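File shown: data04.cif (mmCIF, C-alpha atoms and all ligand atoms).
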data_my_file
#
loop_
_atom_site.label_atom_id
_atom_site.label_comp_id
_atom_site.auth_asym_id
_atom_site.auth_seq_id
_atom_site.Cartn_x
_atom_site.Cartn_y
_atom_site.Cartn_z
CA MET A 1 -53.00 44.47 -92.21
CA SER A 2 -55.06 45.68 -89.23
CA VAL A 3 -55.19 49.34 -88.22
CA VAL A 4 -54.35 51.46 -85.16
CA GLU A 5 -55.34 55.01 -84.29
CA THR A 6 -53.11 57.91 -83.19
CA ALA A 7 -53.75 61.66 -83.09
CA GLY A 8 -57.14 61.07 -84.66
CA GLN A 9 -55.53 59.26 -87.60
CA VAL A 10 -56.09 55.67 -88.64
CA LEU A 11 -52.74 54.01 -89.29
CA ARG A 12 -51.74 50.59 -90.53
CA GLU A 13 -50.65 48.22 -87.80
CA GLY A 14 -46.86 47.99 -88.01
CA ALA A 15 -46.68 51.35 -89.82
CA PHE A 16 -43.57 52.10 -87.76
CA GLY A 17 -42.12 48.60 -87.63
CA HIS A 18 -40.95 47.59 -84.16
CA ALA A 19 -41.09 51.15 -82.81
CA THR A 20 -43.25 51.24 -79.69
CA ALA A 21 -43.47 54.90 -78.68
CA LEU A 22 -41.88 58.33 -78.80
CA SER A 23 -39.85 58.86 -75.63
CA CYS A 24 -38.68 62.18 -74.24
CA ARG A 25 -34.89 62.39 -74.19
CA GLU A 26 -35.07 64.63 -71.11
CA CYS A 27 -37.77 63.24 -68.79
CA GLY A 28 -38.53 59.83 -70.34
CA HIS A 29 -42.25 60.60 -70.78
CA GLN A 30 -43.76 58.44 -73.54
CA VAL A 31 -46.07 59.57 -76.31
CA ALA A 32 -47.98 57.45 -78.86
CA LEU A 33 -46.35 57.20 -82.29
CA GLY A 34 -47.56 60.10 -84.43
CA PRO A 35 -46.42 63.43 -85.91
CA PHE A 36 -44.96 64.66 -82.61
CA TYR A 37 -41.49 65.93 -81.79
CA ALA A 38 -41.69 67.76 -78.44
CA CYS A 39 -42.57 66.26 -75.07
CA PRO A 40 -45.99 67.48 -73.84
CA GLU A 41 -44.61 67.44 -70.25
CA CYS A 42 -41.27 69.25 -70.53
CA PHE A 43 -40.88 70.24 -74.25
CA GLY A 44 -37.79 68.01 -74.48
CA PRO A 45 -37.07 66.33 -77.83
CA LEU A 46 -38.77 63.02 -78.56
CA GLU A 47 -37.04 60.00 -80.00
CA ILE A 48 -38.14 56.54 -81.07
CA SER A 49 -38.15 53.62 -78.63
CA TYR A 50 -38.35 50.03 -79.89
CA ASP A 51 -39.10 46.51 -78.90
CA PHE A 52 -36.63 44.87 -81.25
CA PRO A 53 -37.07 41.28 -82.41
CA ALA A 54 -34.08 38.94 -82.39
CA VAL A 55 -32.14 39.93 -85.51
CA THR A 56 -29.22 37.91 -86.88
CA ARG A 57 -26.27 39.03 -88.97
CA GLU A 58 -27.32 36.50 -91.63
CA GLU A 59 -30.81 38.02 -91.92
CA ILE A 60 -29.33 41.47 -92.38
CA GLU A 61 -26.73 40.26 -94.89
CA ALA A 62 -29.49 38.59 -96.94
CA GLY A 63 -31.28 41.94 -97.27
CA PRO A 64 -31.00 44.49 -100.09
CA ALA A 65 -27.81 46.55 -100.63
CA ASN A 66 -29.42 49.67 -99.17
CA ILE A 67 -30.61 50.92 -95.78
CA TRP A 68 -33.66 48.63 -95.82
CA ARG A 69 -31.38 45.68 -94.94
CA TYR A 70 -31.74 47.19 -91.40
CA LYS A 71 -35.50 47.73 -91.65
CA ALA A 72 -36.14 45.67 -88.48
CA LEU A 73 -34.18 48.35 -86.58
CA LEU A 74 -35.90 51.36 -88.18
CA PRO A 75 -39.36 52.96 -87.72
CA VAL A 76 -40.60 51.64 -91.07
CA PRO A 77 -43.12 48.94 -92.05
CA SER A 78 -41.99 45.46 -93.07
CA ASP A 79 -43.20 46.09 -96.64
CA ILE A 80 -41.11 49.29 -97.00
CA GLU A 81 -39.39 47.95 -100.13
CA GLN A 82 -42.71 48.14 -102.00
CA SER A 83 -42.82 51.95 -101.65
CA PRO A 84 -41.15 54.22 -104.20
CA ASN A 85 -38.15 55.64 -102.32
CA MET A 86 -34.61 56.64 -103.19
CA GLU A 87 -33.08 53.49 -101.68
CA PRO A 88 -29.94 55.09 -100.29
CA GLY A 89 -27.19 53.50 -98.27
CA PHE A 90 -24.67 50.69 -98.25
CA THR A 91 -22.14 53.20 -99.52
CA ARG A 92 -18.48 52.30 -99.74
CA LEU A 93 -16.18 52.06 -96.73
CA LEU A 94 -12.71 52.64 -98.13
CA LYS A 95 -9.32 52.06 -96.54
CA ALA A 96 -7.72 55.51 -96.66
CA HIS A 97 -4.14 54.24 -97.08
CA ASN A 98 -2.65 57.44 -98.48
CA LEU A 99 -4.36 59.88 -96.14
CA GLY A 100 -3.56 57.59 -93.23
CA ARG A 101 0.13 57.63 -94.22
CA GLU A 102 0.06 61.43 -94.66
CA LEU A 103 -1.52 62.00 -91.25
CA GLY A 104 0.35 59.20 -89.49
CA ILE A 105 -2.79 57.19 -88.67
CA ASP A 106 -2.04 53.47 -88.90
CA ASN A 107 -5.53 52.22 -89.73
CA LEU A 108 -7.81 54.81 -91.32
CA TRP A 109 -11.11 54.34 -93.15
CA VAL A 110 -13.42 56.76 -94.92
CA LYS A 111 -17.15 56.07 -95.03
CA ASP A 112 -18.01 57.78 -98.31
CA ASP A 113 -21.63 58.87 -98.27
CA SER A 114 -21.21 61.20 -101.23
CA THR A 115 -22.35 58.36 -103.49
CA ASN A 116 -25.94 58.33 -102.24
CA PRO A 117 -28.70 59.17 -104.79
CA THR A 118 -28.52 62.94 -104.27
CA ASN A 119 -24.88 62.84 -103.16
CA SER A 120 -25.16 63.31 -99.43
CA PHE A 121 -26.03 61.29 -96.33
CA LYS A 122 -29.35 63.14 -96.19
CA ASP A 123 -30.90 60.53 -98.50
CA ARG A 124 -30.77 58.14 -95.54
CA VAL A 125 -32.74 60.31 -93.16
CA VAL A 126 -35.16 61.42 -95.86
CA ALA A 127 -35.98 57.80 -96.77
CA CYS A 128 -37.14 57.21 -93.16
CA ALA A 129 -38.97 60.55 -93.03
CA LEU A 130 -40.77 59.76 -96.29
CA SER A 131 -41.95 56.45 -94.90
CA ALA A 132 -43.34 58.22 -91.79
CA ALA A 133 -44.95 60.95 -93.90
CA THR A 134 -46.61 58.32 -96.08
CA GLU A 135 -47.89 56.28 -93.12
CA LEU A 136 -49.20 59.48 -91.49
CA HIS A 137 -51.03 60.37 -94.74
CA ALA A 138 -49.18 63.68 -95.15
CA LYS A 139 -50.21 65.84 -98.13
CA VAL A 140 -46.98 67.81 -98.35
CA PHE A 141 -43.39 66.71 -97.76
CA ALA A 142 -41.34 69.71 -96.62
CA CYS A 143 -38.15 70.83 -94.89
CA PRO A 144 -36.03 73.77 -93.84
CA SER A 145 -32.54 72.98 -95.09
CA THR A 146 -28.91 74.02 -95.36
CA GLY A 147 -29.00 72.51 -98.86
CA ASN A 148 -28.41 68.77 -98.90
CA LEU A 149 -31.64 67.98 -97.11
CA ALA A 150 -33.58 70.07 -99.63
CA ASN A 151 -31.95 68.11 -102.47
CA ALA A 152 -32.88 64.79 -100.87
CA VAL A 153 -36.45 65.80 -99.96
CA ALA A 154 -37.17 67.23 -103.41
CA ALA A 155 -35.87 64.11 -105.17
CA ALA A 156 -37.59 61.62 -102.84
CA GLY A 157 -40.86 63.55 -103.10
CA ALA A 158 -40.66 63.49 -106.89
CA ARG A 159 -40.07 59.74 -106.97
CA SER A 160 -42.86 58.98 -104.51
CA GLY A 161 -45.34 61.37 -106.11
CA ILE A 162 -45.95 63.50 -102.99
CA LYS A 163 -45.89 67.31 -103.27
CA THR A 164 -42.73 68.86 -101.83
CA VAL A 165 -41.99 72.36 -100.57
CA VAL A 166 -38.39 73.01 -99.51
CA PHE A 167 -37.12 76.10 -97.70
CA ILE A 168 -33.49 77.25 -97.89
CA PRO A 169 -31.49 80.36 -96.92
CA ALA A 170 -31.45 82.62 -100.00
CA ASN A 171 -27.63 82.85 -99.97
CA LEU A 172 -27.16 79.08 -100.32
CA GLU A 173 -24.63 77.72 -102.82
CA LYS A 174 -26.10 77.85 -106.34
CA PRO A 175 -25.49 74.14 -107.15
CA LYS A 176 -27.50 73.13 -104.10
CA GLN A 177 -30.35 75.41 -105.17
CA ILE A 178 -30.35 73.90 -108.68
CA ASN A 179 -30.14 70.39 -107.22
CA SER A 180 -33.44 71.04 -105.44
CA ALA A 181 -35.22 73.11 -108.07
CA ILE A 182 -34.66 70.40 -110.70
CA TYR A 183 -36.96 68.05 -108.74
CA THR A 184 -39.60 70.48 -107.44
CA ASP A 185 -41.25 73.71 -108.55
CA SER A 186 -41.68 74.67 -104.89
CA LEU A 187 -38.20 75.71 -103.75
CA VAL A 188 -38.57 78.68 -101.39
CA ALA A 189 -35.50 80.89 -100.80
CA VAL A 190 -35.83 82.75 -97.49
CA ASN A 191 -34.00 85.98 -96.65
CA GLY A 192 -32.26 84.82 -93.49
CA ASN A 193 -29.92 82.14 -92.15
CA TYR A 194 -30.79 78.49 -91.48
CA ASP A 195 -32.03 79.23 -87.97
CA ASP A 196 -34.50 81.79 -89.41
CA VAL A 197 -35.65 79.25 -92.00
CA ASN A 198 -36.09 76.63 -89.29
CA LYS A 199 -38.21 79.00 -87.19
CA LEU A 200 -40.42 79.69 -90.20
CA ALA A 201 -40.83 75.96 -90.84
CA SER A 202 -41.92 75.35 -87.23
CA GLU A 203 -44.48 78.12 -87.59
CA ILE A 204 -45.89 76.68 -90.83
CA ALA A 205 -45.96 73.18 -89.29
CA GLY A 206 -48.10 74.58 -86.48
CA GLU A 207 -50.50 76.30 -88.88
CA GLU A 208 -50.88 73.87 -91.78
CA ASP A 209 -52.53 70.45 -91.50
CA GLY A 210 -51.00 67.52 -93.32
CA TRP A 211 -47.52 68.97 -93.80
CA ALA A 212 -44.71 66.61 -92.84
CA PHE A 213 -41.63 68.74 -92.16
CA VAL A 214 -38.98 66.06 -92.16
CA ASN A 215 -36.72 67.68 -89.55
CA VAL A 216 -39.48 69.36 -87.55
CA ASN A 217 -42.71 67.42 -86.90
CA VAL A 218 -41.49 64.03 -88.18
CA ARG A 219 -37.95 64.60 -86.88
CA PRO A 220 -37.91 61.51 -84.59
CA TYR A 221 -38.43 59.20 -87.62
CA TYR A 222 -36.13 61.20 -89.88
CA ALA A 223 -33.26 61.18 -87.38
CA GLU A 224 -33.30 57.37 -87.13
CA GLY A 225 -32.05 57.17 -90.73
CA SER A 226 -28.61 58.29 -89.56
CA LYS A 227 -28.33 55.11 -87.48
CA THR A 228 -27.75 53.23 -90.72
CA LEU A 229 -24.34 54.91 -91.05
CA GLY A 230 -23.34 53.29 -87.75
CA TYR A 231 -24.80 49.89 -88.72
CA GLU A 232 -23.00 49.93 -92.08
CA ILE A 233 -19.64 50.90 -90.61
CA ALA A 234 -19.87 47.97 -88.17
CA GLU A 235 -21.09 45.48 -90.78
CA GLN A 236 -18.50 46.56 -93.35
CA LEU A 237 -15.72 46.16 -90.79
CA GLY A 238 -16.85 42.54 -90.42
CA TRP A 239 -19.35 43.13 -87.59
CA ARG A 240 -16.92 45.08 -85.45
CA LEU A 241 -17.02 48.56 -83.97
CA PRO A 242 -14.09 50.84 -84.84
CA ASP A 243 -12.03 52.42 -82.05
CA GLN A 244 -12.68 56.00 -83.17
CA VAL A 245 -15.13 57.83 -85.45
CA VAL A 246 -14.98 61.45 -86.66
CA ILE A 247 -18.36 62.94 -87.67
CA PRO A 248 -19.38 66.43 -88.88
CA VAL A 249 -21.82 68.31 -86.66
CA ALA A 250 -24.57 70.72 -87.73
CA SER A 251 -27.69 69.91 -85.67
CA GLY A 252 -25.66 67.06 -84.16
CA SER A 253 -28.27 64.46 -85.01
CA GLN A 254 -26.01 62.30 -87.16
CA LEU A 255 -23.41 61.98 -84.43
CA THR A 256 -25.92 61.05 -81.74
CA LYS A 257 -27.54 58.46 -84.02
CA VAL A 258 -24.27 56.76 -84.95
CA HIS A 259 -23.70 56.36 -81.22
CA LYS A 260 -27.26 55.03 -80.80
CA ALA A 261 -26.62 52.54 -83.63
CA PHE A 262 -23.44 51.24 -81.98
CA GLN A 263 -25.27 50.82 -78.67
CA GLU A 264 -28.14 48.96 -80.34
CA LEU A 265 -25.75 46.60 -82.14
CA ILE A 266 -24.10 45.79 -78.82
CA LYS A 267 -27.45 45.19 -77.09
CA LEU A 268 -28.67 42.97 -79.93
CA GLY A 269 -25.46 40.92 -79.72
CA LEU A 270 -24.58 41.76 -83.34
CA VAL A 271 -21.16 43.15 -82.35
CA GLU A 272 -18.93 42.65 -79.35
CA GLU A 273 -19.04 45.35 -76.70
CA LYS A 274 -15.92 47.52 -76.67
CA PRO A 275 -14.97 51.12 -75.92
CA TYR A 276 -15.00 53.59 -78.80
CA LYS A 277 -14.45 57.32 -79.04
CA ILE A 278 -16.64 59.71 -81.00
CA TYR A 279 -15.30 63.05 -82.27
CA GLY A 280 -17.36 65.94 -83.67
CA ALA A 281 -16.19 68.30 -86.43
CA GLN A 282 -17.31 71.91 -86.79
CA ALA A 283 -16.25 75.07 -88.62
CA THR A 284 -14.84 77.94 -86.55
CA GLY A 285 -17.43 80.21 -88.20
CA CYS A 286 -20.19 78.03 -86.73
CA GLY A 287 -18.73 76.05 -83.86
CA PRO A 288 -21.08 76.43 -80.89
CA VAL A 289 -20.60 72.81 -79.79
CA ALA A 290 -16.81 72.92 -80.17
CA THR A 291 -16.74 76.16 -78.15
CA ALA A 292 -18.76 74.60 -75.31
CA PHE A 293 -16.60 71.46 -75.40
CA LYS A 294 -13.38 73.45 -75.08
CA ALA A 295 -14.80 75.70 -72.36
CA GLY A 296 -15.91 72.62 -70.42
CA VAL A 297 -19.46 73.93 -70.07
CA ASP A 298 -22.78 72.15 -70.63
CA ALA A 299 -24.76 75.03 -72.14
CA ILE A 300 -24.41 75.77 -75.81
CA ARG A 301 -24.50 79.43 -76.71
CA PRO A 302 -26.13 79.94 -80.15
CA VAL A 303 -24.00 81.75 -82.77
CA LYS A 304 -24.66 83.57 -86.05
CA PRO A 305 -22.96 81.38 -88.67
CA ASP A 306 -20.23 82.80 -90.87
CA THR A 307 -18.43 80.00 -92.71
CA ILE A 308 -18.04 78.46 -96.17
CA ALA A 309 -19.30 75.20 -94.62
CA LYS A 310 -22.91 76.18 -95.21
CA SER A 311 -24.25 72.64 -94.80
CA LEU A 312 -22.93 72.73 -91.21
CA ALA A 313 -24.14 76.29 -90.57
CA ILE A 314 -26.68 75.69 -87.82
CA GLY A 315 -26.05 78.25 -85.12
CA ASN A 316 -28.46 76.74 -82.59
CA PRO A 317 -27.98 72.97 -82.89
CA ALA A 318 -30.94 70.92 -81.61
CA ASP A 319 -28.77 67.96 -80.59
CA GLY A 320 -25.76 69.98 -79.45
CA ILE A 321 -25.98 69.07 -75.78
CA TYR A 322 -26.24 65.36 -76.60
CA VAL A 323 -23.18 65.63 -78.85
CA LEU A 324 -21.27 67.16 -75.94
CA ASP A 325 -22.32 64.32 -73.63
CA ILE A 326 -21.39 61.58 -76.10
CA CYS A 327 -18.02 63.05 -77.03
CA ARG A 328 -17.14 63.56 -73.36
CA GLU A 329 -18.43 60.17 -72.19
CA THR A 330 -16.65 58.21 -74.92
CA GLY A 331 -13.38 60.11 -74.44
CA GLY A 332 -13.59 61.89 -77.83
CA ALA A 333 -13.67 65.64 -78.49
CA VAL A 334 -15.36 68.33 -80.59
CA GLU A 335 -12.85 70.31 -82.66
CA GLU A 336 -13.22 73.20 -85.10
CA VAL A 337 -11.26 74.45 -88.12
CA THR A 338 -11.09 77.69 -90.09
CA ASP A 339 -12.42 78.17 -93.63
CA ASP A 340 -8.85 78.02 -94.99
CA GLU A 341 -8.28 74.73 -93.20
CA ILE A 342 -11.59 73.46 -94.65
CA ARG A 343 -10.41 74.29 -98.20
CA ASP A 344 -7.11 72.55 -97.48
CA GLY A 345 -9.07 69.56 -96.15
CA ILE A 346 -11.06 69.30 -99.39
CA VAL A 347 -7.87 69.30 -101.47
CA LEU A 348 -6.10 66.90 -99.08
CA LEU A 349 -8.86 64.27 -99.36
CA ALA A 350 -9.04 64.64 -103.14
CA ARG A 351 -5.26 64.38 -103.66
CA THR A 352 -4.74 61.47 -101.27
CA GLU A 353 -7.85 59.34 -101.80
CA GLY A 354 -9.45 60.59 -105.03
CA ILE A 355 -12.59 61.64 -103.17
CA PHE A 356 -14.06 65.06 -103.93
CA THR A 357 -15.90 66.18 -100.84
CA GLU A 358 -17.99 69.24 -100.13
CA THR A 359 -17.20 71.72 -97.39
CA ALA A 360 -18.64 69.46 -94.68
CA GLY A 361 -16.17 66.72 -95.63
CA GLY A 362 -13.42 69.33 -95.86
CA THR A 363 -14.28 70.25 -92.28
CA THR A 364 -14.18 66.61 -91.17
CA THR A 365 -10.89 65.92 -92.93
CA ALA A 366 -9.31 69.09 -91.52
CA VAL A 367 -10.57 68.30 -88.02
CA LEU A 368 -9.13 64.79 -88.32
CA LYS A 369 -5.76 66.36 -89.19
CA LYS A 370 -6.01 68.84 -86.32
CA LEU A 371 -6.95 66.12 -83.84
CA VAL A 372 -3.74 64.30 -84.81
CA GLU A 373 -1.59 67.45 -84.68
CA THR A 374 -2.92 68.42 -81.27
CA GLY A 375 -2.51 64.91 -79.86
CA GLN A 376 -6.23 64.46 -79.23
CA LEU A 377 -6.51 61.38 -81.46
CA ASP A 378 -4.61 58.17 -80.82
CA THR A 379 -3.04 57.41 -84.21
CA SER A 380 -2.49 53.76 -83.33
CA LEU A 381 -6.24 53.09 -83.09
CA GLU A 382 -8.57 52.10 -85.94
CA THR A 383 -10.27 55.29 -87.10
CA VAL A 384 -13.24 55.96 -89.39
CA PHE A 385 -14.25 59.39 -90.64
CA ILE A 386 -17.46 60.12 -92.49
CA ASN A 387 -17.57 62.00 -95.77
CA THR A 388 -21.16 63.21 -95.91
CA GLY A 389 -21.45 65.08 -99.21
CA HIS A 390 -20.08 65.60 -102.73
CA GLY A 391 -17.72 68.41 -103.76
CA LEU A 392 -19.61 69.25 -106.96
CA LYS A 393 -22.19 70.91 -104.71
CA THR A 394 -19.72 73.44 -103.31
CA LEU A 395 -17.42 74.16 -106.24
CA ASP A 396 -17.20 77.86 -105.40
CA ALA A 397 -15.46 77.07 -102.13
CA ILE A 398 -12.34 75.85 -103.94
CA ALA A 399 -12.72 77.57 -107.32
CA ASP A 400 -9.83 79.95 -106.56
CA LYS A 401 -7.69 77.29 -104.93
CA VAL A 402 -7.21 74.81 -107.78
CA GLY A 403 -6.94 75.14 -111.54
CA ALA A 404 -4.76 74.41 -114.53
CA ALA A 405 -1.08 73.93 -113.66
CA ALA A 406 -0.14 75.54 -116.97
CA THR A 407 -1.75 76.96 -120.09
CA ILE A 408 0.27 75.96 -123.13
CA ASP A 409 0.22 76.00 -126.91
CA PRO A 410 -0.68 72.64 -128.49
CA SER A 411 2.92 71.54 -129.14
CA TYR A 412 5.22 68.98 -127.54
CA ASP A 413 7.88 71.66 -127.06
CA ALA A 414 5.44 73.87 -125.16
CA PHE A 415 4.50 70.91 -122.97
CA LYS A 416 8.18 70.15 -122.25
CA ALA A 417 8.78 73.82 -121.48
CA ALA A 418 6.00 73.84 -118.90
CA GLY A 419 8.22 71.65 -116.74
CA LEU A 420 5.54 69.28 -115.53
CA VAL A 421 7.62 66.13 -116.08
C1 LIG B 501 -23.11 67.28 -95.89
C2 LIG B 501 -23.57 67.37 -94.47
N1 LIG B 501 -22.83 66.80 -93.52
C3 LIG B 501 -23.18 66.84 -92.23
C4 LIG B 501 -24.33 67.48 -91.81
C5 LIG B 501 -24.64 67.50 -90.35
O1 LIG B 501 -25.76 66.79 -90.01
P1 LIG B 501 -26.47 66.91 -88.59
O2 LIG B 501 -27.45 68.04 -88.71
O3 LIG B 501 -27.13 65.59 -88.43
O4 LIG B 501 -25.43 67.18 -87.56
C6 LIG B 501 -25.15 68.08 -92.75
C7 LIG B 501 -26.37 68.75 -92.34
O5 LIG B 501 -27.10 69.33 -93.09
C8 LIG B 501 -24.76 68.02 -94.12
O6 LIG B 501 -25.51 68.57 -95.09
#

Could you write out this file's structure as structure tokens?
Amino acid sequence: MSVVETAGQVLREGAFGHATALSCRECGHQVALGPFYACPECFGPLEISYDFPAVTREEIEAGPANIWRYKALLPVPSDIEQSPNMEPGFTRLLKAHNLGRELGIDNLWVKDDSTNPTNSFKDRVVACALSAATELHAKVFACPSTGNLANAVAAAGARSGIKTVVFIPANLEKPKQINSAIYTDSLVAVNGNYDDVNKLASEIAGEEDGWAFVNVNVRPYYAEGSKTLGYEIAEQLGWRLPDQVVIPVASGSQLTKVHKAFQELIKLGLVEEKPYKIYGAQATGCGPVATAFKAGVDAIRPVKPDTIAKSLAIGNPADGIYVLDICRETGGAVEEVTDDEIRDGIVLLARTEGIFTETAGGTTTAVLKKLVETGQLDTSLETVFINTGHGLKTLDAIADKVGAAATIDPSYDAFKAAGLV
């Protein structure tokens, strides 16, 4: 393989696949591929541009049952499968018959990303970030996190042999802390909320050489991993786009990338062009995008999060304005639900579909219900909602809500007396 140079670094040719540049989402200015995330002209966010080759459905279908089946559409080298990575993706798309019946939605699907290696969709984005960090010769793989990202970074770093340092708010759910600390001895709990942790990470990224902060200085590569959710939904529907998708929103990156994936599939001729609506789901205790959507304004006013949905607790969402645009342009909406509704959403999904989701999925399920009840969602259209994380990570959220139906003596009479049958 020949080499190219960027930011004083010698990189392998094709280190970022068919990516051609980093382009500013605000002014369009282009920057060479490297560890950059803000436009040098206007400080707008950078994202990856590509010169895609012709890709066929058959080529993709012949690929591995993980996100690398879409490697031609991601900023990763063609030999990515040789690198130790967590190989996330190609999670199940399930017909949600019972929940659909309960909510009155004719054709409902759940994309269940809780079955990824560390039980959240974050394994997808981390796999792409790890590839970029490796190609950029990073010494340390790091992140500020609301929990799931820390789990995914710590695990992927362990498997690839790169040192990891993960930063989380000190009040994070205990299971998420343990799920990171098991893979790394460098879990740092910060006294503050996610936005404070994020600020600290940006400061360290500016001071320390060779640190790849997955959602700070290699964010453009990291974010592309979420596109694979959109690709998979379309492929698993038989190379078709759904009519409606409901997606949880923290930074908003996942939602914007699912939209980007749908647009790319249309441009590449892999699916037929059609209208679709995208809906965002937030918690009332951290709903800055939902608030702006309802107020009909373009500016997003940052909030101090106060919700059990800690994985969605980003008070100043980096992609918030793009989420607003996409939801408005596609005819969707951004809705929010209370913590009680989130708990009810967790139980509803478990009791109808046998899927135990964390608070983010509880938020998405509850928002789906609210969208139906408020007439914002057309129940006759094919709808997909994304479950992004596993309920075992947020047990405390529902610990007081569910439990034994009865405590009985070990006798048949006692069982009969309990009146359960
Ligand atoms: C389980 C879960 N779902 C959804 C999200 C939202 O992701 P995004 O920041 O891309 O909006 C997160 C973010 O951490 C998460 O952990």

Spatial neighbours of A:Leu74, max dist 7 Å, only C-alpha atoms, sep filter under 3 positions, as a list of chain:residue names: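 In the requested format, the answer is A:Gly17, A:Tyr70, A:Lys71, A:Glu224.
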
Residues within 6 Å of ligand LIG 501 (chain B), counting all atoms listed in the file, as a VMD selection string: chain A and resid 120 146 148 248 to 254 311 to 312 360 388 to 389

Nearest to A:Glu264 by atom-to-atom distance, counting only C-alpha atoms, from A:Asn119, A:Leu241, A:Gly280, A:Ala150: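 The shortest atom-to-atom distance to A:Glu264 comes from A:Leu241.
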
Near-A:Glu382 list (6 Å; all atoms listed in the file; drop same-chain fewer than 4 positions) as number ranges by chain: A: 107, 242-243

Pick from A:Leu99, A:Leu265, A:Lys163, A:Ala142 nearest to A:Ile204, counting all atoms listed in the file: A:Ala142

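Between atom CA of A:Ala318 and atom CA of A:Leu130 the interatomic distance comes to 20.9 Å.
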
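Protein and nucleic acid residues near (-20.1, 54.0, -102.3) are Phe90, Thr91, Arg92, Asp112, Asp113 and Thr115 of chain A, the criterion being any atom at most 7 Å away using only C-alpha atoms.
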
Store the residues picked out above, limited to C-alpha atoms, as a compact mmCIF listing (two decimals), in the coordinates of the input.
# COMPACT_ATOMS: atom_id res chain seq x y z
CA PHE A 90 -24.67 50.69 -98.25
CA THR A 91 -22.14 53.20 -99.52
CA ARG A 92 -18.48 52.30 -99.74
CA ASP A 112 -18.01 57.78 -98.31
CA ASP A 113 -21.63 58.87 -98.27
CA THR A 115 -22.35 58.36 -103.49

Expected answer as a PyMOL selection string: all residues with atoms within 12 Å of (-34.8, 62.0, -68.2), all atoms listed in the file: chain A and resi 23-30+39+41-46

Polymer residues at most 12 Å from A:Glu173, only C-alpha atoms, same-chain spacing of 4 or more positions, as a list in words: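 Once the nearby chain positions are removed, what remains is Thr146, Gly147, Asn148, Ile168, Pro169, Gln177, Ile178, Asn179, Ser180, Ala189, Ile308, Ala309, Lys310, Ser311, Glu358, Thr359, Gly391, Leu392, Lys393, Thr394, Leu395, Asp396 and Ala397 of chain A.
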
Residue nearest A:Ala366 among A:Gln282, A:Ser160, A:Asn198, A:Asn98 (counting all atoms listed in the file):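 Of all the options, A:Gln282 lies closest to A:Ala366.
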
Please report, as lines of an AutoDock Vina configuration file, the centre and edge lengths in Å to one decimal of an axis-aligned box covering all listed atoms of stretch 146-164 of chain A with 5 Å per side.
center_x = -37.2
center_y = 66.5
center_z = -101.2
size_x = 27.5
size_y = 25.0
size_z = 21.6

Atomic separation - atom CA of A:Glu47 relative to atom CA of A:Gly8, Å: 20.7 Å

Near-A:Glu272 list (7 Å; all atoms listed in the file; drop same-chain fewer than 3 positions) as a PyMOL selection string: chain A and resi 240+266+269

Residue nearest A:Gln236 among A:Trp109, A:Tyr50, A:Phe385, A:Tyr322 (counting only C-alpha atoms): A:Trp109

Among listed residues A:Val334, A:Pro144, A:Lys227, A:Asn171, nearest A:Leu200 (using all atoms listed in the file):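 When distances to A:Leu200 are compared using all atoms listed in the file, the smallest one comes from A:Pro144.
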
Interatomic distance (Å, one decimal) between atom CA of A:Ala138 and atom CA of A:Thr164: 10.6 Å

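Nearest to A:Ala72 of all the residues A:Gly157, A:Gly14, A:Pro117, A:Gly89 is A:Gly14, counting all atoms listed in the file.
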
A:His259 surroundings by all atoms listed in the file, 8 Å radius, close-in-sequence under 2 positions cut, as a count of residues only: 10
